[in-house]
$ cat my_file.txt   # compact mmCIF, C-alpha atoms
# COMPACT_ATOMS: atom_id res chain seq x y z
CA MET Z 1329 -3.67 32.02 17.48
CA LEU Z 1330 -4.83 28.83 19.11
CA HIS Z 1331 -3.19 27.37 22.18
CA GLU Z 1332 -1.74 23.87 22.16
CA ASN Z 1333 -4.76 22.41 23.94
CA GLU Z 1334 -7.32 24.23 21.77
CA ALA Z 1335 -8.82 23.35 18.41
CA ARG Z 1336 -10.77 24.91 15.60
CA LEU Z 1337 -14.18 23.27 15.32
CA ASN Z 1338 -15.32 22.86 11.73
CA ILE Z 1339 -18.91 21.93 10.97
CA THR Z 1340 -20.60 20.51 7.89
CA TRP Z 1341 -24.39 20.69 7.85
CA ALA Z 1342 -26.80 20.33 4.93
CA GLY Z 1343 -24.13 20.97 2.34
CA GLN Z 1344 -22.84 24.07 4.16
CA ASN Z 1345 -19.59 24.43 6.04
CA GLY Z 1346 -18.24 26.80 8.65
CA ASP Z 1347 -16.20 27.12 11.82
CA LEU Z 1348 -17.48 27.71 15.32
CA PRO Z 1349 -16.37 31.30 16.07
CA ASP Z 1350 -14.62 30.33 19.29
CA ALA Z 1351 -11.89 27.77 19.81
CA VAL Z 1352 -12.76 24.68 21.83
CA ALA Z 1353 -10.73 22.31 23.97
CA TYR Z 1354 -9.06 19.69 21.76
CA ASP Z 1355 -9.94 16.99 24.28
CA ALA Z 1356 -13.61 17.96 24.52
CA THR Z 1357 -15.85 14.92 24.49
CA ASP Z 1358 -17.80 13.97 21.38
CA ALA Z 1359 -21.00 14.60 23.34
CA ASP Z 1360 -19.89 18.13 24.20
CA VAL Z 1361 -18.94 18.80 20.56
CA ARG Z 1362 -22.35 17.61 19.37
CA GLN Z 1363 -24.13 19.76 21.95
CA TRP Z 1364 -22.15 22.91 21.11
CA VAL Z 1365 -22.61 22.63 17.35
CA THR Z 1366 -26.29 21.75 17.67
CA GLU Z 1367 -26.93 24.89 19.69
CA ALA Z 1368 -24.77 27.05 17.42
CA VAL Z 1369 -26.37 25.88 14.18
CA ARG Z 1370 -29.88 26.06 15.56
CA HIS Z 1371 -29.26 29.68 16.60
CA GLY Z 1372 -27.43 30.67 13.43
CA ASP Z 1373 -24.13 31.32 15.21
CA VAL Z 1374 -21.88 29.63 12.64
CA PRO Z 1375 -20.71 31.85 9.76
CA GLY Z 1376 -21.44 30.09 6.49
CA ILE Z 1377 -24.26 27.94 7.85
CA ALA Z 1378 -27.84 29.20 7.82
CA ALA Z 1379 -29.75 28.89 11.08
CA ASP Z 1380 -31.65 25.61 11.21
CA PRO Z 1381 -33.89 25.01 14.23
CA ALA Z 1382 -34.08 21.33 13.27
CA ALA Z 1383 -30.31 20.76 13.17
CA ASP Z 1384 -29.42 17.41 14.71
CA PHE Z 1385 -25.87 16.01 14.88
CA GLN Z 1386 -26.52 12.81 16.83
CA ASP Z 1387 -25.64 10.61 13.86
CA PHE Z 1388 -22.62 12.66 12.79
CA VAL Z 1389 -18.98 11.69 13.17
CA VAL Z 1390 -16.45 13.69 15.21
CA ASP Z 1391 -12.94 13.60 13.70
CA ARG Z 1392 -9.82 15.02 15.35
CA PHE Z 1393 -6.65 16.05 13.56
CA ALA Z 1394 -3.60 17.14 15.53
CA ALA Z 1395 -1.63 20.16 14.34
CA ASN Z 1396 0.98 19.43 11.68
CA ASP Z 1397 3.44 21.24 9.41
CA THR Z 1398 0.82 22.43 6.95
CA ARG Z 1399 -1.94 23.10 9.50
CA PRO Z 1400 -0.39 24.57 12.66
CA TYR Z 1401 -3.49 24.15 14.80
CA ASN Z 1402 -5.59 21.28 16.04
CA LEU Z 1403 -8.76 20.64 14.10
CA ILE Z 1404 -11.99 18.97 15.15
CA GLN Z 1405 -14.52 18.29 12.42
CA ILE Z 1406 -18.08 17.12 12.79
CA ARG Z 1407 -19.44 15.66 9.58
CA PRO Z 1408 -22.04 13.30 8.07
CA LYS Z 1409 -21.14 9.64 7.69
CA THR Z 1410 -19.57 8.76 4.35
CA PRO Z 1411 -20.11 5.10 3.55
CA PHE Z 1412 -19.93 5.36 -0.23
CA GLY Z 1413 -17.21 5.51 -2.82
CA ALA Z 1414 -19.05 3.79 -5.62
CA ALA Z 1415 -22.50 2.71 -6.60
CA PRO Z 1416 -23.59 -0.78 -5.59
CA MET X 1227 9.63 0.56 -14.67
CA SER X 1228 6.80 2.94 -13.78
CA ARG X 1229 5.15 3.00 -10.39
CA ARG X 1230 1.90 1.17 -9.99
CA VAL X 1231 -1.21 2.98 -8.75
CA THR X 1232 -4.08 0.70 -7.84
CA VAL X 1233 -7.61 2.09 -7.78
CA VAL X 1234 -10.04 -0.16 -5.95
CA GLY X 1235 -13.59 0.40 -7.11
CA ALA X 1236 -14.59 1.60 -10.60
CA GLY X 1237 -17.94 3.13 -9.72
CA ALA X 1238 -19.01 6.69 -9.00
CA LEU X 1239 -15.72 7.91 -7.61
CA GLY X 1240 -13.25 5.37 -8.93
CA SER X 1241 -14.24 5.53 -12.58
CA HIS X 1242 -13.81 9.33 -12.63
CA VAL X 1243 -10.57 9.17 -10.62
CA VAL X 1244 -9.05 6.80 -13.18
CA GLN X 1245 -9.79 9.07 -16.12
CA LEU X 1246 -8.48 12.09 -14.18
CA LEU X 1247 -5.21 10.26 -13.54
CA ARG X 1248 -4.71 9.44 -17.20
CA ASN X 1249 -1.76 11.81 -17.56
CA ALA X 1250 0.11 10.46 -14.56
CA ASP X 1251 3.34 8.69 -15.40
CA VAL X 1252 2.29 5.50 -13.64
CA THR X 1253 0.82 2.12 -14.42
CA LEU X 1254 -2.87 2.31 -13.57
CA HIS X 1255 -4.42 -0.84 -12.13
CA VAL X 1256 -8.15 -1.00 -11.48
CA ILE X 1257 -9.99 -3.60 -9.39
CA ASP X 1258 -13.77 -4.08 -9.46
CA ASP X 1259 -15.95 -7.17 -9.74
CA ASP X 1260 -19.18 -5.37 -10.73
CA ARG X 1261 -20.79 -5.10 -14.11
CA VAL X 1262 -22.12 -1.87 -15.60
CA GLU X 1263 -25.86 -1.42 -15.08
CA ARG X 1264 -27.93 1.10 -16.98
CA LYS X 1265 -28.38 3.26 -13.86
CA ASN X 1266 -24.59 3.47 -13.47
CA VAL X 1267 -24.27 5.39 -16.73
CA LEU X 1268 -25.99 8.36 -15.08
CA ALA X 1269 -23.24 8.99 -12.55
CA GLN X 1270 -20.20 6.95 -13.53
CA PHE X 1271 -17.56 7.13 -16.26
CA HIS X 1272 -19.10 4.23 -18.16
CA SER X 1273 -20.83 4.49 -21.51
CA ALA X 1274 -24.30 3.27 -22.42
CA LYS X 1275 -22.68 0.77 -24.78
CA SER X 1276 -20.88 -0.80 -21.82
CA VAL X 1277 -24.03 -1.92 -20.04
CA GLY X 1278 -23.56 -5.57 -19.17
CA LYS X 1279 -19.78 -5.50 -19.41
CA SER X 1280 -17.52 -5.66 -16.39
CA LYS X 1281 -16.71 -2.19 -15.09
CA VAL X 1282 -13.04 -2.92 -15.48
CA GLN X 1283 -13.48 -3.86 -19.14
CA SER X 1284 -15.72 -0.86 -19.72
CA LEU X 1285 -13.19 1.53 -18.22
CA SER X 1286 -10.27 -0.09 -20.00
CA GLN X 1287 -11.98 0.25 -23.38
CA ALA X 1288 -13.05 3.85 -22.72
CA MET X 1289 -9.55 4.87 -21.69
CA GLN X 1290 -8.06 3.21 -24.73
CA PHE X 1291 -10.64 4.59 -27.15
CA MET X 1292 -10.72 8.16 -25.90
CA PHE X 1293 -7.19 8.72 -24.63
CA ALA X 1294 -5.07 5.87 -26.01
CA ARG X 1295 -4.30 5.13 -22.37
CA LYS X 1296 -3.76 1.55 -21.31
CA ILE X 1297 -4.84 0.41 -17.88
CA ASP X 1298 -4.51 -2.93 -16.16
CA GLY X 1299 -7.77 -4.35 -14.92
CA THR X 1300 -8.81 -7.06 -12.48
CA PRO X 1301 -12.52 -7.95 -12.61
CA HIS X 1302 -12.50 -9.72 -9.24
CA ARG X 1303 -13.59 -8.82 -5.75
CA LEU X 1304 -10.83 -7.79 -3.39
CA ARG X 1305 -10.62 -10.18 -0.46
CA SER X 1306 -8.13 -10.78 2.30
CA ASP X 1307 -6.91 -13.93 0.54
CA ASN X 1308 -6.08 -12.14 -2.73
CA ALA X 1309 -5.01 -8.76 -1.34
CA GLU X 1310 -1.32 -9.56 -1.67
CA GLN X 1311 -1.76 -10.54 -5.30
CA LEU X 1312 -3.91 -7.52 -6.21
CA LEU X 1313 -2.47 -4.73 -4.05
CA GLY X 1314 1.10 -5.89 -3.47
CA GLY X 1315 3.77 -3.79 -5.16
CA SER X 1316 1.57 -0.71 -5.44
CA ALA X 1317 3.21 2.67 -4.92
CA LEU X 1318 -0.23 4.03 -4.04
CA VAL X 1319 -3.62 2.47 -3.41
CA VAL X 1320 -6.73 4.61 -3.96
CA ASP X 1321 -9.80 3.25 -2.17
CA CYS X 1322 -13.06 4.20 -3.90
CA LEU X 1323 -15.12 1.34 -2.48
CA ASP X 1324 -18.71 1.27 -1.34
CA ASN X 1325 -18.66 -1.36 1.37
CA LEU X 1326 -17.12 -1.62 4.79
CA GLU X 1327 -15.86 -5.18 4.38
CA SER X 1328 -13.68 -4.40 1.38
CA ARG X 1329 -12.53 -1.10 2.85
CA ASN X 1330 -11.29 -3.02 5.88
CA VAL X 1331 -9.41 -5.44 3.60
CA VAL X 1332 -7.68 -2.47 1.97
CA SER X 1333 -6.82 -0.76 5.26
CA THR X 1334 -5.55 -3.94 6.88
CA PHE X 1335 -3.29 -4.79 3.95
CA VAL X 1336 -1.82 -1.33 3.35
CA ARG X 1337 -1.09 -0.92 7.06
CA GLU X 1338 0.65 -4.29 7.22
CA GLN X 1339 2.68 -3.54 4.08
CA ASP X 1340 3.20 0.18 4.75
CA ILE X 1341 1.74 1.13 1.37
CA PRO X 1342 0.45 4.71 1.00
CA CYS X 1343 -3.33 4.69 0.67
CA LEU X 1344 -5.81 7.42 -0.11
CA HIS X 1345 -9.49 6.89 0.69
CA GLY X 1346 -12.42 8.56 -1.03
CA ALA X 1347 -15.90 8.50 0.45
CA LEU X 1348 -19.28 10.11 -0.09
CA ALA X 1349 -22.24 10.83 2.15
CA PRO X 1350 -25.50 9.22 1.00
CA ASP X 1351 -27.14 12.57 0.31
CA GLY X 1352 -24.39 13.57 -2.11
CA GLN X 1353 -23.60 16.70 -0.07
CA PHE X 1354 -20.32 15.75 1.52
CA GLY X 1355 -17.18 13.86 0.62
CA ARG X 1356 -13.90 12.89 2.25
CA VAL X 1357 -10.47 12.58 0.67
CA ILE X 1358 -8.31 11.21 3.42
CA TRP X 1359 -5.02 9.35 3.87
CA ASP X 1360 -5.09 6.04 5.60
CA GLU X 1361 -3.28 7.20 8.72
CA ASP X 1362 -6.29 9.43 9.51
CA PHE X 1363 -8.97 7.17 8.11
CA VAL X 1364 -11.69 5.38 10.03
CA ALA X 1365 -14.28 3.70 7.83
CA ASP X 1366 -17.85 4.71 8.58
CA GLY X 1367 -20.61 2.17 8.77
CA GLU X 1368 -22.70 1.60 5.69
CA GLY X 1369 -25.80 3.70 5.17
CA GLY X 1370 -29.26 2.53 5.90
CA PRO X 1371 -31.98 1.70 3.39
CA GLY X 1372 -32.71 4.44 0.90
CA ALA X 1373 -29.13 5.65 0.70
CA VAL X 1374 -28.79 5.95 -3.04
CA THR X 1375 -25.91 8.32 -3.61
CA CYS X 1376 -25.67 8.01 -7.36
CA GLU X 1377 -28.63 5.99 -8.49
CA ASP X 1378 -30.39 8.75 -10.40
CA GLY X 1379 -27.40 10.82 -11.45
CA ALA X 1380 -28.58 13.88 -9.52
CA HIS X 1381 -25.29 14.08 -7.65
CA LEU X 1382 -22.99 13.67 -10.64
CA PRO X 1383 -21.50 17.19 -10.50
CA PHE X 1384 -20.60 16.81 -6.83
CA ILE X 1385 -19.28 13.29 -7.37
CA GLY X 1386 -17.06 14.77 -10.06
CA VAL X 1387 -15.80 17.41 -7.64
CA VAL X 1388 -14.87 14.82 -5.01
CA ALA X 1389 -13.22 12.61 -7.63
CA SER X 1390 -11.18 15.62 -8.76
CA TYR X 1391 -9.92 16.22 -5.23
CA ILE X 1392 -8.96 12.55 -4.95
CA ALA X 1393 -7.03 12.72 -8.22
CA TYR X 1394 -5.40 15.99 -7.15
CA ALA X 1395 -4.30 14.50 -3.83
CA ALA X 1396 -2.92 11.46 -5.65
CA GLN X 1397 -1.08 13.69 -8.11
CA ARG X 1398 0.47 15.75 -5.30
CA PHE X 1399 1.67 12.57 -3.68
CA LEU X 1400 3.09 11.09 -6.87
CA GLU X 1401 4.85 14.28 -7.96
CA GLN X 1402 5.85 15.84 -4.64
CA ASP X 1403 5.53 13.07 -2.06
CA ARG X 1404 3.12 15.30 -0.13
CA ARG X 1405 -0.04 14.01 1.50
CA VAL X 1406 -2.96 16.42 1.34
CA GLY X 1407 -6.51 15.56 2.27
CA PHE X 1408 -9.83 17.37 2.06
CA GLN X 1409 -13.33 17.48 3.44
CA VAL X 1410 -15.42 18.39 0.40
CA HIS X 1411 -18.81 20.06 0.48
CA PRO X 1412 -20.84 21.96 -2.11
CA ALA X 1413 -19.48 25.29 -0.85
CA GLY X 1414 -15.86 24.20 -1.31
CA ALA X 1415 -13.25 22.08 0.40
CA THR X 1416 -11.50 22.23 3.75
CA PRO X 1417 -7.90 20.93 3.83
CA ILE X 1418 -7.19 18.44 6.58
$ encode --input "my_file.txt" --output "structure tokens"
Amino acid sequence: MLHENEARLNITWAGQNGDLPDAVAYDATDADVRQWVTEAVRHGDVPGIAADPAADFQDFVVDRFAANDTRPYNLIQIRPKTPFGAAP
Amino acid sequence: MSRRVTVVGAGALGSHVVQLLRNADVTLHVIDDDRVERKNVLAQFHSAKSVGKSKVQSLSQAMQFMFARKIDGTPHRLRSDNAEQLLGGSALVVDCLDNLESRNVVSTFVREQDIPCLHGALAPDGQFGRVIWDEDFVADGEGGPGAVTCEDGAHLPFIGVVASYIAYAAQRFLEQDRRVGFQVHPAGATPI
């Protein structure tokens, strides 16, 4: 059970997806989020994501979603940029 | 009179979304100013015989021929000065665009008019997609050179998966007035 000021941190890397095992502060800075997930993925600490010593999240986007009726916990997601919906 | 669902963009995501919404009890309206190129046939719901036609015409003919489903089409580029004409009156707008400028036109208009809007977006490497309602949406910048999400058709299966989640989210909204979104990756999808 997460506290009001905590969030689940979900990570997408190289087509894999997983959550950081521990909750994080919902108001953590983007820089902190990037640092935590970089270390976790490089060391193989994220279930569902294979260890990757070259993992680099500097160009990734940090999204935040407050708890709601269907998801009763705050969610932070770090993900690749998604510029495309159609072919040029 | 049936509700109007407007799909903006009839390329990799939009063309598949339209055919997946063919059973919805709505008027489907599609906007796209591009023409079908041969490379598009590899990843989009356009036939080889449609090369050279407008994507809107191609999709309209395919929907009629295969499913006897009529769609309304507008083969023009969405701009701020025609947004009212093209998007006004929609019960739902589905953004499947590929450029930041047009995405911003969509977001600006639907926010001004309080029109529900669902955005679909793909990462350039074809390994990640977003299905997200406008209230949570921030458009990402366009990719750099070499970002060719669907040029060679290698990502077609994943593009189809993301398009399916877009159509599912649209269906849930139309039938149950519920807004569900997803982060989609090859291992599955995470609700948001």
$ atom_distance --input "my_file.txt" --atom1 "CA of Thr1253 in chain X" --atom2 "CA of Asp1298 in chain X"
7.5 Å
$ interface_residues --input "my_file.txt" --of "chain Z" --to "chain X" --cutoff "12 Å" --atoms "all atoms listed in the file" --output "PyMOL selection string"
chain Z and resi 1336-1347+1376-1377+1387-1416
$ residues_around --input "my_file.txt" --residues "Val1244 in chain X" --least-positions-apart "2" --cutoff "10 Å" --atoms "all atoms listed in the file" --output "number ranges by chain"
X: 1231-1233, 1235-1236, 1239-1242, 1246-1250, 1254-1256, 1271, 1285-1286, 1289, 1297, 1320, 1389, 1393
$ residues_around --input "my_file.txt" --residues "Ala1356 in chain Z" --least-positions-apart "3" --cutoff "10 Å" --atoms "only C-alpha atoms" --output "ChimeraX atom specification"
/Z:1333-1335,1352-1353,1359-1361,1404
$ residues_near_point --input "my_file.txt" --point "(-4.8, 13.6, -1.3)" --cutoff "9 Å" --atoms "all atoms listed in the file" --output "list of chain:residue names"
X:Leu1344, X:His1345, X:Val1357, X:Ile1358, X:Trp1359, X:Tyr1391, X:Ile1392, X:Ala1393, X:Tyr1394, X:Ala1395, X:Ala1396, X:Gln1397, X:Arg1398, X:Phe1399, X:Arg1404, X:Arg1405, X:Val1406, X:Gly1407, X:Phe1408
$ closest_residue --input "my_file.txt" --among "X:Gln1287, X:Ser1328, X:Gln1245, X:Ser1273" --to "Asp1258 in chain X" --atoms "all atoms listed in the file"
X:Ser1328
